[in-house]
Structure formats: structure tokens, C-alpha cells
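Listing of query36.cif; format and content: mmCIF, C-alpha atoms and all ligand atoms.
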```cif
data_coords
loop_
_atom_site.label_atom_id
_atom_site.label_comp_id
_atom_site.auth_asym_id
_atom_site.auth_seq_id
_atom_site.Cartn_x
_atom_site.Cartn_y
_atom_site.Cartn_z
CA MET A 7 -21.88 4.71 -1.04
CA GLN A 8 -19.52 1.79 -0.35
CA ASP A 9 -17.43 4.08 1.89
CA ARG A 10 -17.89 3.14 5.54
CA SER A 11 -14.79 4.87 6.84
CA ASP A 12 -16.86 6.83 9.37
CA ASP A 13 -17.34 3.54 11.22
CA SER A 14 -13.64 3.27 11.95
CA VAL A 15 -13.36 5.49 14.97
CA VAL A 16 -9.89 5.48 16.44
CA GLU A 17 -9.06 6.53 19.95
CA LYS A 18 -6.88 9.55 20.20
CA MET A 19 -4.15 9.18 22.75
CA ASN A 20 -2.53 11.78 24.96
CA ALA A 21 1.19 11.73 25.75
CA ASP A 22 0.66 9.15 28.51
CA GLY A 23 -1.07 6.80 26.12
CA ASN A 24 -4.52 7.36 27.64
CA ALA A 25 -7.51 7.73 25.39
CA VAL A 26 -8.61 11.34 25.64
CA ALA A 27 -11.29 11.53 23.01
CA LYS A 28 -12.76 9.53 20.23
CA ALA A 29 -12.27 11.23 16.92
CA ASN A 30 -12.83 10.27 13.34
CA ASP A 31 -9.79 9.49 11.17
CA GLN A 32 -10.42 12.60 9.11
CA THR A 33 -10.16 14.80 12.21
CA ILE A 34 -7.15 12.95 13.58
CA LEU A 35 -5.31 13.35 10.28
CA CYS A 36 -5.79 17.12 10.46
CA HIS A 37 -4.42 17.45 13.98
CA VAL A 38 -2.05 14.65 14.91
CA GLY A 39 1.71 15.25 15.18
CA ARG A 40 1.43 19.03 15.34
CA GLU A 41 3.24 20.89 18.09
CA THR A 42 2.35 24.40 17.15
CA ASP A 43 3.54 25.93 20.45
CA ALA A 44 7.00 24.46 19.97
CA HIS A 45 7.30 26.04 16.52
CA TYR A 46 6.36 29.72 16.95
CA GLY A 47 2.74 28.96 16.09
CA ALA A 48 3.51 27.45 12.70
CA VAL A 49 0.69 25.12 11.69
CA ASN A 50 3.02 22.53 10.17
CA THR A 51 6.03 21.04 11.94
CA PRO A 52 8.95 22.65 10.09
CA VAL A 53 11.74 20.82 8.28
CA TYR A 54 14.66 20.33 10.66
CA HIS A 55 17.89 19.66 8.82
CA ALA A 56 20.15 18.27 11.48
CA SER A 57 22.79 15.60 11.95
CA THR A 58 24.68 16.96 14.97
CA ILE A 59 22.55 17.98 17.92
CA LEU A 60 24.44 20.16 20.41
CA PHE A 61 23.98 19.80 24.16
CA PRO A 62 24.49 22.95 26.20
CA THR A 63 26.13 21.37 29.23
CA LEU A 64 28.10 18.27 30.14
CA ALA A 65 25.20 17.18 32.32
CA ALA A 66 22.81 17.38 29.34
CA HIS A 67 25.35 15.54 27.19
CA ASP A 68 25.72 12.82 29.83
CA ALA A 69 21.95 12.41 29.88
CA LYS A 70 21.55 12.39 26.09
CA GLN A 71 20.16 8.83 26.00
CA ASP A 72 16.97 10.28 27.47
CA ALA A 73 16.62 13.11 24.97
CA ARG A 74 14.12 12.50 22.17
CA VAL A 75 16.18 14.61 19.78
CA ARG A 76 19.79 13.54 20.12
CA TYR A 77 21.21 12.67 16.70
CA GLY A 78 19.94 13.19 13.15
CA ARG A 79 19.68 9.48 12.36
CA ARG A 80 17.31 9.03 15.29
CA GLY A 81 14.97 11.67 13.91
CA THR A 82 13.96 15.24 14.56
CA PRO A 83 10.49 16.73 15.18
CA THR A 84 9.89 16.54 11.41
CA GLN A 85 10.17 12.76 11.34
CA PHE A 86 8.43 12.38 14.72
CA SER A 87 5.43 14.30 13.40
CA LEU A 88 5.06 11.84 10.52
CA GLU A 89 5.63 8.82 12.78
CA ASP A 90 2.88 10.06 15.09
CA ALA A 91 0.50 10.64 12.18
CA VAL A 92 1.01 7.11 10.81
CA SER A 93 0.68 5.58 14.30
CA ALA A 94 -2.60 7.41 14.86
CA LEU A 95 -3.94 6.39 11.46
CA GLU A 96 -3.00 2.72 11.86
CA GLY A 97 -3.76 2.51 15.60
CA ALA A 98 -0.12 1.53 16.20
CA ALA A 99 2.07 1.71 19.31
CA GLY A 100 4.82 3.19 17.15
CA THR A 101 5.99 3.62 13.58
CA VAL A 102 9.38 3.19 11.93
CA LEU A 103 10.03 5.19 8.76
CA THR A 104 12.11 3.77 5.93
CA PRO A 105 13.46 5.45 2.76
CA SER A 106 11.12 3.42 0.50
CA GLY A 107 8.30 0.92 0.68
CA ALA A 108 10.75 -1.71 -0.56
CA MET A 109 12.95 -1.04 2.46
CA ALA A 110 9.97 -1.32 4.81
CA ILE A 111 9.50 -4.78 3.27
CA SER A 112 13.16 -5.83 3.60
CA THR A 113 13.39 -4.46 7.16
CA ALA A 114 10.34 -6.45 8.29
CA LEU A 115 11.55 -9.59 6.51
CA LEU A 116 15.08 -9.34 7.92
CA ALA A 117 14.06 -8.48 11.48
CA PHE A 118 12.92 -12.07 12.10
CA ALA A 119 15.27 -13.89 9.73
CA ARG A 120 17.59 -16.58 10.96
CA ALA A 121 18.90 -19.82 9.53
CA GLY A 122 16.22 -22.48 9.67
CA ALA A 123 13.31 -20.07 10.10
CA HIS A 124 10.27 -20.59 7.88
CA TYR A 125 8.21 -17.79 6.30
CA LEU A 126 4.84 -18.02 4.56
CA ILE A 127 4.39 -15.53 1.71
CA PRO A 128 1.27 -15.14 -0.48
CA ASP A 129 1.68 -16.06 -4.13
CA ASN A 130 0.19 -12.71 -5.22
CA VAL A 131 2.82 -10.74 -3.28
CA TYR A 132 4.37 -7.52 -4.60
CA GLY A 133 7.28 -8.60 -6.87
CA PRO A 134 10.17 -6.94 -4.97
CA CYS A 135 9.05 -8.72 -1.76
CA ARG A 136 9.43 -12.04 -3.55
CA HIS A 137 12.82 -10.97 -4.90
CA CYS A 138 13.97 -10.02 -1.40
CA CYS A 139 13.01 -13.52 -0.23
CA THR A 140 14.84 -15.20 -3.08
CA GLU A 141 17.97 -13.06 -3.24
CA ILE A 142 18.49 -12.07 0.39
CA LEU A 143 16.61 -14.41 2.75
CA LYS A 144 17.25 -17.70 1.01
CA PRO A 145 21.07 -17.37 1.08
CA LEU A 146 20.74 -16.62 4.82
CA GLY A 147 19.00 -19.97 5.30
CA VAL A 148 15.39 -18.81 5.63
CA ASP A 149 12.85 -21.21 4.09
CA VAL A 150 10.04 -19.58 2.19
CA THR A 151 6.77 -21.23 1.18
CA TYR A 152 4.38 -19.36 -1.11
CA TYR A 153 0.73 -19.90 -0.36
CA ASP A 154 -2.48 -19.57 -2.35
CA PRO A 155 -3.94 -16.22 -1.28
CA ALA A 156 -7.37 -17.91 -1.10
CA ILE A 157 -6.12 -20.37 1.53
CA GLY A 158 -7.87 -18.81 4.58
CA ALA A 159 -7.56 -20.77 7.83
CA GLY A 160 -6.07 -23.60 5.75
CA ILE A 161 -2.77 -21.78 6.23
CA ALA A 162 -2.41 -23.89 9.40
CA ASP A 163 -1.61 -26.90 7.20
CA LEU A 164 1.43 -25.13 5.76
CA MET A 165 2.85 -24.17 9.13
CA THR A 166 5.78 -26.01 10.65
CA PRO A 167 7.37 -25.67 14.10
CA ALA A 168 9.90 -23.36 12.39
CA THR A 169 7.29 -20.95 11.01
CA ARG A 170 8.11 -17.48 12.32
CA LEU A 171 6.34 -15.10 10.01
CA ILE A 172 3.27 -14.92 7.80
CA TRP A 173 3.05 -12.18 5.18
CA MET A 174 -0.18 -10.86 3.71
CA GLU A 175 -1.09 -8.46 0.96
CA ALA A 176 -4.77 -7.70 0.49
CA PRO A 177 -5.66 -7.17 -2.20
CA GLY A 178 -2.51 -7.97 -4.19
CA SER A 179 -1.49 -4.93 -6.20
CA GLN A 180 -1.53 -6.73 -9.58
CA THR A 181 -4.27 -9.34 -9.44
CA PHE A 182 -6.41 -7.88 -6.62
CA GLU A 183 -6.93 -11.28 -4.99
CA MET A 184 -7.92 -11.04 -1.33
CA CYS A 185 -6.66 -13.20 1.48
CA ASP A 186 -8.73 -13.81 4.58
CA ILE A 187 -6.85 -11.45 6.84
CA GLY A 188 -8.78 -12.21 10.00
CA ALA A 189 -8.65 -16.00 9.60
CA ILE A 190 -4.91 -15.98 8.93
CA ALA A 191 -4.23 -13.59 11.81
CA ARG A 192 -6.18 -15.84 14.20
CA VAL A 193 -4.23 -18.95 13.21
CA ALA A 194 -0.95 -17.05 13.54
CA ARG A 195 -1.87 -15.66 16.99
CA GLU A 196 -2.68 -19.14 18.33
CA ARG A 197 0.87 -20.22 17.44
CA ASP A 198 2.76 -17.04 18.27
CA VAL A 199 3.74 -16.42 14.68
CA ILE A 200 4.50 -12.84 13.57
CA THR A 201 2.09 -11.38 11.00
CA VAL A 202 2.88 -8.60 8.57
CA ILE A 203 0.50 -7.08 6.04
CA ASP A 204 1.27 -4.81 3.13
CA ASN A 205 -1.50 -2.23 3.67
CA THR A 206 -0.50 0.12 0.84
CA TRP A 207 -3.70 -0.41 -1.14
CA ALA A 208 -6.04 0.65 1.67
CA ALA A 209 -3.54 3.31 2.87
CA GLY A 210 -4.28 2.53 6.52
CA PHE A 211 -7.51 4.42 5.94
CA TYR A 212 -9.84 1.70 4.70
CA LEU A 213 -8.23 -1.19 6.62
CA LYS A 214 -7.02 -1.32 10.25
CA PRO A 215 -4.86 -4.45 10.43
CA LEU A 216 -3.57 -3.91 13.97
CA ALA A 217 -7.15 -3.99 15.27
CA LEU A 218 -7.43 -7.44 13.64
CA GLY A 219 -4.45 -8.73 15.61
CA ILE A 220 -1.78 -8.26 12.95
CA ASP A 221 1.64 -7.25 14.31
CA ILE A 222 2.94 -4.96 11.57
CA SER A 223 1.04 -2.91 9.01
CA LEU A 224 3.42 -1.83 6.32
CA GLN A 225 2.93 0.78 3.64
CA ALA A 226 4.70 2.26 0.71
CA GLY A 227 4.14 5.83 1.91
CA THR A 228 5.26 6.65 -1.61
CA LYS A 229 1.69 5.91 -2.69
CA TYR A 230 -1.41 7.32 -0.94
CA LEU A 231 0.16 8.77 2.20
CA SER A 232 2.31 11.07 0.09
CA GLY A 233 -0.36 11.25 -2.60
CA HIS A 234 1.50 13.51 -5.00
CA SER A 235 3.87 11.19 -6.90
CA ASP A 236 7.00 13.01 -5.80
CA VAL A 237 8.52 11.25 -2.81
CA MET A 238 9.71 7.80 -1.70
CA MET A 239 8.79 6.59 1.79
CA GLY A 240 8.07 3.39 3.71
CA THR A 241 6.20 3.01 6.99
CA LEU A 242 6.14 0.14 9.50
CA ALA A 243 3.28 0.68 11.94
CA CYS A 244 3.79 -1.76 14.80
CA ALA A 245 1.77 -3.28 17.62
CA SER A 246 3.21 -2.70 21.10
CA ASN A 247 4.61 -6.24 21.41
CA ILE A 248 6.80 -5.72 18.35
CA PHE A 249 7.58 -2.02 18.13
CA PRO A 250 10.75 -1.86 20.29
CA ARG A 251 12.23 -4.77 18.36
CA ILE A 252 11.57 -3.26 14.95
CA LYS A 253 12.75 0.16 16.08
CA ASP A 254 16.05 -1.23 17.43
CA PHE A 255 16.56 -3.42 14.38
CA ALA A 256 15.99 -0.50 11.98
CA GLN A 257 18.33 1.71 14.02
CA ARG A 258 21.04 -0.95 13.86
CA LEU A 259 20.62 -1.20 10.11
CA GLY A 260 21.01 2.58 10.01
CA VAL A 261 17.60 3.15 8.48
CA CYS A 262 16.44 6.76 8.50
CA VAL A 263 14.62 9.18 6.19
CA GLY A 264 15.37 12.74 5.16
CA PRO A 265 13.39 15.57 6.76
CA ASP A 266 12.20 17.00 3.44
CA ASP A 267 10.68 13.67 2.48
CA ALA A 268 9.09 13.23 5.91
CA TYR A 269 7.63 16.73 5.64
CA LEU A 270 6.10 16.03 2.23
CA VAL A 271 4.47 12.79 3.32
CA ASN A 272 3.15 14.39 6.50
CA ARG A 273 1.67 17.18 4.41
CA GLY A 274 0.10 14.65 2.06
CA MET A 275 -1.54 12.87 4.98
CA ARG A 276 -3.47 15.99 5.98
CA THR A 277 -5.72 15.44 2.96
CA LEU A 278 -5.65 11.63 2.96
CA ALA A 279 -9.27 11.23 4.08
CA VAL A 280 -10.79 13.43 1.40
CA ARG A 281 -8.51 12.02 -1.28
CA MET A 282 -9.32 8.42 -0.36
CA ARG A 283 -13.06 9.08 -0.40
CA GLN A 284 -12.78 10.55 -3.87
CA HIS A 285 -10.54 7.70 -5.13
CA ASN A 286 -13.07 5.25 -3.67
CA GLU A 287 -16.04 6.85 -5.38
CA SER A 288 -14.44 7.57 -8.76
CA ALA A 289 -12.75 4.18 -9.07
CA PHE A 290 -15.98 2.35 -8.29
CA GLN A 291 -17.83 4.38 -10.89
CA ILE A 292 -15.17 3.61 -13.50
CA ALA A 293 -15.12 -0.07 -12.51
CA LEU A 294 -18.88 -0.23 -13.20
CA TRP A 295 -18.41 1.54 -16.51
CA LEU A 296 -15.64 -0.85 -17.54
CA GLN A 297 -17.89 -3.80 -16.66
CA SER A 298 -20.38 -2.53 -19.23
CA ARG A 299 -17.78 -2.41 -22.05
CA PRO A 300 -17.54 -5.18 -24.64
CA GLU A 301 -13.72 -4.80 -24.74
CA VAL A 302 -13.45 -5.81 -21.07
CA LEU A 303 -13.68 -9.48 -20.10
CA LYS A 304 -13.51 -8.99 -16.35
CA VAL A 305 -13.05 -6.24 -13.78
CA LEU A 306 -10.93 -7.05 -10.72
CA HIS A 307 -12.28 -4.79 -8.00
CA PRO A 308 -13.20 -6.14 -4.55
CA ALA A 309 -16.10 -3.70 -4.06
CA LEU A 310 -17.94 -5.32 -6.99
CA PRO A 311 -20.42 -7.85 -5.60
CA ASP A 312 -19.36 -10.56 -8.06
CA ASP A 313 -15.65 -10.22 -7.25
CA PRO A 314 -14.24 -13.37 -5.59
CA GLY A 315 -12.76 -11.24 -2.79
CA HIS A 316 -15.92 -9.24 -2.18
CA PHE A 317 -17.04 -10.95 1.04
CA ILE A 318 -13.61 -10.64 2.62
CA TRP A 319 -13.42 -7.01 1.55
CA LYS A 320 -16.82 -6.31 3.02
CA GLU A 321 -15.90 -7.92 6.30
CA TYR A 322 -12.64 -6.09 6.97
CA PHE A 323 -12.45 -2.98 4.79
CA THR A 324 -14.48 0.21 5.05
CA GLY A 325 -13.91 1.29 1.46
CA ALA A 326 -11.72 0.78 -1.60
CA SER A 327 -8.89 2.80 -3.06
CA GLY A 328 -8.34 3.99 -6.62
CA LEU A 329 -6.31 1.01 -7.81
CA PHE A 330 -7.86 -1.99 -9.50
CA GLY A 331 -7.44 -4.32 -12.44
CA PHE A 332 -9.28 -5.49 -15.49
CA ILE A 333 -8.81 -8.07 -18.19
CA LEU A 334 -9.00 -6.71 -21.68
CA LYS A 335 -9.92 -9.12 -24.48
CA PRO A 336 -6.75 -10.47 -26.17
CA VAL A 337 -5.09 -7.66 -28.14
CA GLU A 338 -2.12 -7.19 -30.43
CA ARG A 339 0.58 -5.16 -28.72
CA SER A 340 0.63 -2.65 -31.59
CA CYS A 341 -3.12 -2.05 -31.24
CA LEU A 342 -2.80 -1.65 -27.47
CA ALA A 343 -0.10 0.93 -28.15
CA LYS A 344 -2.55 2.93 -30.25
CA MET A 345 -4.88 3.03 -27.28
CA LEU A 346 -2.32 3.81 -24.56
CA ASP A 347 0.11 6.13 -26.36
CA ASP A 348 -2.49 8.82 -26.87
CA MET A 349 -4.38 8.80 -23.58
CA LYS A 350 -5.03 12.35 -22.51
CA TYR A 351 -5.18 11.90 -18.73
CA PHE A 352 -4.02 8.35 -18.01
CA GLY A 353 -0.24 8.15 -17.71
CA MET A 354 1.90 5.05 -18.01
CA GLY A 355 4.29 4.48 -15.15
CA ALA A 356 5.09 2.51 -12.03
CA SER A 357 3.81 3.54 -8.64
CA TRP A 358 0.30 4.86 -7.95
CA GLY A 359 -1.57 6.61 -5.17
CA GLY A 360 -0.97 10.08 -6.56
CA TYR A 361 -3.68 12.53 -7.56
CA GLU A 362 -3.32 11.58 -11.21
CA SER A 363 -4.64 8.61 -13.16
CA LEU A 364 -2.52 5.80 -14.57
CA LEU A 365 -3.15 2.90 -16.92
CA ILE A 366 -0.64 0.13 -17.69
CA PRO A 367 -0.64 -3.42 -19.01
CA THR A 368 0.66 -5.94 -16.46
CA ASN A 369 1.98 -9.48 -16.63
CA PRO A 370 1.48 -11.12 -13.23
CA ALA A 371 1.70 -14.76 -14.44
CA PRO A 372 5.50 -15.33 -14.53
CA LEU A 373 5.96 -14.45 -10.87
CA ARG A 374 3.60 -17.15 -9.58
CA THR A 375 5.00 -20.37 -8.14
CA ALA A 376 2.25 -21.86 -5.92
CA THR A 377 -0.79 -21.13 -8.06
CA ALA A 378 -1.40 -20.20 -11.68
CA TRP A 379 -2.66 -16.86 -12.95
CA ARG A 380 -4.31 -17.49 -16.30
CA PRO A 381 -6.26 -14.51 -17.51
CA GLU A 382 -8.18 -14.94 -20.77
CA GLY A 383 -6.82 -11.70 -22.16
CA GLN A 384 -4.52 -8.80 -21.43
CA SER A 385 -4.17 -7.94 -17.71
CA MET A 386 -4.40 -4.19 -17.10
CA ARG A 387 -3.96 -2.05 -14.00
CA ILE A 388 -5.70 1.24 -13.59
CA HIS A 389 -5.22 3.93 -10.96
CA VAL A 390 -8.15 6.30 -10.84
CA GLY A 391 -6.91 9.70 -9.76
CA LEU A 392 -8.72 12.82 -8.65
CA GLU A 393 -9.70 14.13 -12.10
CA ASP A 394 -13.36 14.49 -12.99
CA THR A 395 -14.79 11.02 -13.56
CA ALA A 396 -16.68 11.99 -16.73
CA ASP A 397 -13.42 13.26 -18.27
CA LEU A 398 -11.68 10.01 -17.36
CA ILE A 399 -14.46 7.91 -18.87
CA ALA A 400 -14.34 10.00 -22.06
CA ASP A 401 -10.57 9.43 -22.20
CA LEU A 402 -11.02 5.65 -21.82
CA GLU A 403 -13.82 5.62 -24.39
CA ALA A 404 -11.65 7.43 -26.94
CA GLY A 405 -8.86 4.94 -26.14
CA PHE A 406 -11.16 1.98 -26.86
CA GLU A 407 -12.15 3.63 -30.16
CA ARG A 408 -8.46 3.96 -31.16
CA LEU A 409 -7.97 0.31 -30.21
CA ALA A 410 -10.94 -0.76 -32.36
CA ALA A 411 -9.73 1.36 -35.30
CA ALA A 412 -6.23 -0.15 -35.04
CA GLU A 413 -7.73 -3.65 -34.99
CA ARG A 414 -9.87 -2.92 -38.07
CA LYS A 415 -6.82 -1.59 -39.90
CA LEU A 416 -4.76 -4.64 -38.95
CA ALA A 417 -7.54 -7.00 -40.05
CA ASN A 418 -7.84 -5.19 -43.39
CA SER A 419 -4.12 -5.31 -44.10
CA MET A 420 -4.05 -9.00 -43.25
CA ARG A 421 -6.96 -9.60 -45.63
CA ARG A 422 -5.07 -7.78 -48.38
CA THR A 423 -1.92 -9.88 -47.90
CA LEU A 424 -3.89 -13.14 -48.08
C1 LIG B 501 5.00 0.41 -4.52
C2 LIG B 501 4.74 -0.68 -3.57
C3 LIG B 501 5.70 -1.04 -2.62
C4 LIG B 501 7.08 -0.46 -2.61
O1 LIG B 501 7.15 0.89 -2.40
P1 LIG B 501 8.36 1.80 -2.93
O2 LIG B 501 8.22 3.01 -2.12
O3 LIG B 501 8.15 1.97 -4.39
O4 LIG B 501 9.63 1.06 -2.65
C5 LIG B 501 5.35 -2.00 -1.71
N1 LIG B 501 4.16 -2.61 -1.73
C6 LIG B 501 3.23 -2.31 -2.64
C7 LIG B 501 1.92 -3.02 -2.62
C8 LIG B 501 3.49 -1.34 -3.58
O5 LIG B 501 2.58 -1.07 -4.52
#
```

What would the structure in this file look like if it were written as C-alpha cells?
Ligand SMILES: *Cc1c(COP(=O)(O)O)cnc(C)c1O
Amino acid sequence: MQDRSDDSVVEKMNADGNAVAKANDQTILCHVGRETDAHYGAVNTPVYHASTILFPTLAAHDAKQDARVRYGRRGTPTQFSLEDAVSALEGAAGTVLTPSGAMAISTALLAFARAGAHYLIPDNVYGPCRHCCTEILKPLGVDVTYYDPAIGAGIADLMTPATRLIWMEAPGSQTFEMCDIGAIARVARERDVITVIDNTWAAGFYLKPLALGIDISLQAGTKYLSGHSDVMMGTLACASNIFPRIKDFAQRLGVCVGPDDAYLVNRGMRTLAVRMRQHNESAFQIALWLQSRPEVLKVLHPALPDDPGHFIWKEYFTGASGLFGFILKPVERSCLAKMLDDMKYFGMGASWGGYESLLIPTNPAPLRTATAWRPEGQSMRIHVGLEDTADLIADLEAGFERLAAAERKLANSMRRTL
């Protein structure tokens, strides 16, 4: 219904970088990065465990700089297969893999850091990104200004001659505020400022930042790309102007990922399209259901027409993922515990993007510095997994009933003590 991912047709490239055919993302994800002939016909690129790569002759050893496989840290066909899959998905010139999403963030932040440089970071940014700025960049002499995610083209007013990098996260993974990606990218382009977006929410499937002129699309591959809640991974999908720089920088830092992890994420990506479509549909259905509940003050989901980020979402995104927020009426912690402790399908835990559903209370307010986040109740974050939607709604409904019962009990005991 609100999935328009079929519109996002990406050109498939041959080895020389020429477009050979136009294929839909779903088709590309099934085929990219496979070299069946090189692996005895195996459908999936196998896991190569290798640090030392042996060269058969002195001549081959002398020419090793030209070999794609030359040392474990530089990757083997297992990692290359994943890099190629992410590049095809994001429409990138190349992709750098990192051992976590957090390291994709720190690598991108550090690659352009120098004393006196100025970075613009959205106030709704993922917490560890902010901590990296405060604890690592600031002592190096990088100035950071946090901006209101609703700023749009007004970002120009915050730029100085020292501005080198603008960060974006749309929507933010706690408050689901949108920033005007296209407007900010245009302003940045005019002034030759690097742009980076955290694209974890849309998984590179429902948003194509590089096509909007953004230099780096970053993801926690830990989330949707992997999709099974069992592996850590970061991806930096880069435009051609920036890829060699990021690749060299990451190599110098010694960044590399294990082949087992690369294999798992690559395997997860084969089903990304069908998973995302299901997350999109189920989450929207549950968002509508939550909107109808008296316990819920507000639902924070950009596909809802009354969401403040809806018009931006509609302009740039072709669908929505399974993660969104809602504001529950103010509740006692002990009553909330009665609801959450006994959920049948919704787990409580960090991370998201797996096949299973999650529900946690959040507290985004203390992190803000440029703008205030003042919800009128308890902020919640929900990840709608791939379970049957009716079962999930029944689970939430039973949870609300436990919450109401706990509140009645609390009110009664307070009446008795008066
Ligand atoms: C989880 C997450 C990250 C970090 O990924 P890890 O793999 O957990 O380090 C980065 N950005 C967003 C938006 C995330 O949700």
C-alpha cells in the first residue's frame, strides 16, 4: 500500500562499471556478489578463513599489489560478496565493511577530522554517534554544532568556512523526526561539504541517499541487512568521489570484518526485499491500531499522514521499516512492568531489524542539547517483526489490559491508605 519500492530501479553494473540491465532491487539482491563458477557451482560464496595468502611464484609475489585477494585484512571473496551486495543496494561506487555500526560511525567521523574542522550533527542523532563526537572528536579539536532536525535548508545559517561534514539521520531511531535530506544535501553540495547519512532505518531499501547527492550512506548491518539478531556489522556505502579515501582510511585504521559475519549478513540480504515489505506492511497496520487506543497519546511513524515528517518521508522514501515510536499516557514504572514483563512475542532489548518483535521504553530527552524533546507521557519504541500481525495486536492488547489492571490495583491501594 505505502510501499513504492518497485519505483526504485537501480542499474546493474558489469565488471567494467557499465550498466548492463535495469533490475529491481529484489532481483539484484538475489543475484549480486555471487561467483558461482569460481566456487564449484555453490550458490553462496563460501566462507574463506584466511590471513596469509600464498603466492605461487616470486613474480606473483612481486605483483601482489594488483591481486584482489592478497592478505586477510584486505578481504577475501566472502567479504567482497557482501561489499558488492551493499554497493548494488545503495547504488554506491564501493562499500567499506566495519565490525559494527558504531565503528562505521566513528570511521566516517574520523576520516574528515582535523583540528579546527567544524561538523554539523542532528540533535536526534543515535546516542553513540554523539558520544563519539564528545569523547573522541572534541579532544582532537573538532568543533561540533548540533542542529534542529527540522532545520531544512536553514542549515546554511549554521555553516562556517570550517564546516567539513554534515551528518543526517532520518528518521532518528528514538524520536522518528525527519530531516529534509534533499534540502540539506543541496546546501552541502553547493559548498563542497561532505554529507553522511545513517540509513539504518530504511536499510538502503526504502531510501537511496547516494542518488540524492549524499556522499556516504552508512548502516548498522547488524539490523535489517543481517535481519536475524545474531551478528554485528557496519557498512559505509560511498559515492565515487569519496570511496578511495574512506577505503584507505579504514585500511590504515586496520578495520576489517570476519568472514563468518560477512557470510551471515550476505545471506540475510538475500531476503531483505521480502522482509522489508512485510515489516512495512505489518508496522503500518500496528501503527494504525495503536492510534486507535486510548492508552496511546501519539504515534511517531512517518507513513502516517498526520506525522510531522510525513511530507519529507513521502518525497524521498519508498516505504517504511518496522521501527517506530509512540507516546504512552504517563504511567507508573511498576504498572509498565506489568505490561512489558509478560509480553508473549515482544522482547525487550537493544538493537532491532531482526525477524522478531521488540518493545521498550525510551528516554530520548536527556541527550538533546539544541532542541527539547518533551513528550506528554512515556516514550516507547516498537520493532514490528515478521510474526502474524493479528497475534502481535492480541499480545499488545493483553499488555494494555495488564497495565490497566495494575493501575486499578494501585489506585485502590492508594485509596485504602488515605
Ligand atoms: C544500532 C544502530 C547503530 C549502531 O550499530 P551497532 O552495530 O549496534 O554498533 C547505528 N545507527 C543506528 C541508527 C542504530 O540503530

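The two atoms in question, atom CA of Pro300 of chain A and atom CA of Asp348 of chain A, are spaced 20.7 Å apart.
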
Name all residues at most 8 Å from Gln32 of chain A (count all atoms listed in the file; drop same-chain ones fewer than 5 positions away) and give them as a list in words. Leu278, Ala279 and Val280 of chain A

To check your reading of the model: which residues sit at most 8 Å from ligand LIG 501 (chain B) when counting only C-alpha atoms and all ligand atoms? Write the answer as a VMD selection string. chain A and resid 105 to 111 131 to 132 134 to 135 175 178 to 179 204 to 207 225 to 229 238 to 240 356 to 358

List every residue of segment 90-194 of chain A that has an atom at most 8 Å from any atom of segment 257-273 of chain A, and for each one report the closest atom pair and its distance in Å to one decimal, counting all atoms listed in the file, with rows sorted by chain and then by increasing residue number, as a tab-separated table.
```
residue	atom	partner	partner_atom	distance
A:Ala91	CA	A:Asn272	CA	7.3
A:Leu103	CA	A:Val263	CA	6.6
A:Thr104	CA	A:Cys262	CA	5.9
A:Pro105	CA	A:Val263	CA	5.2
```

Within 8 Å of Ala98 of chain A, counting all atoms listed in the file, which residues show up once you throw out same-chain ones fewer than 6 positions away? Write them as a PyMOL selection string, please. chain A and resi 92+216+243-246
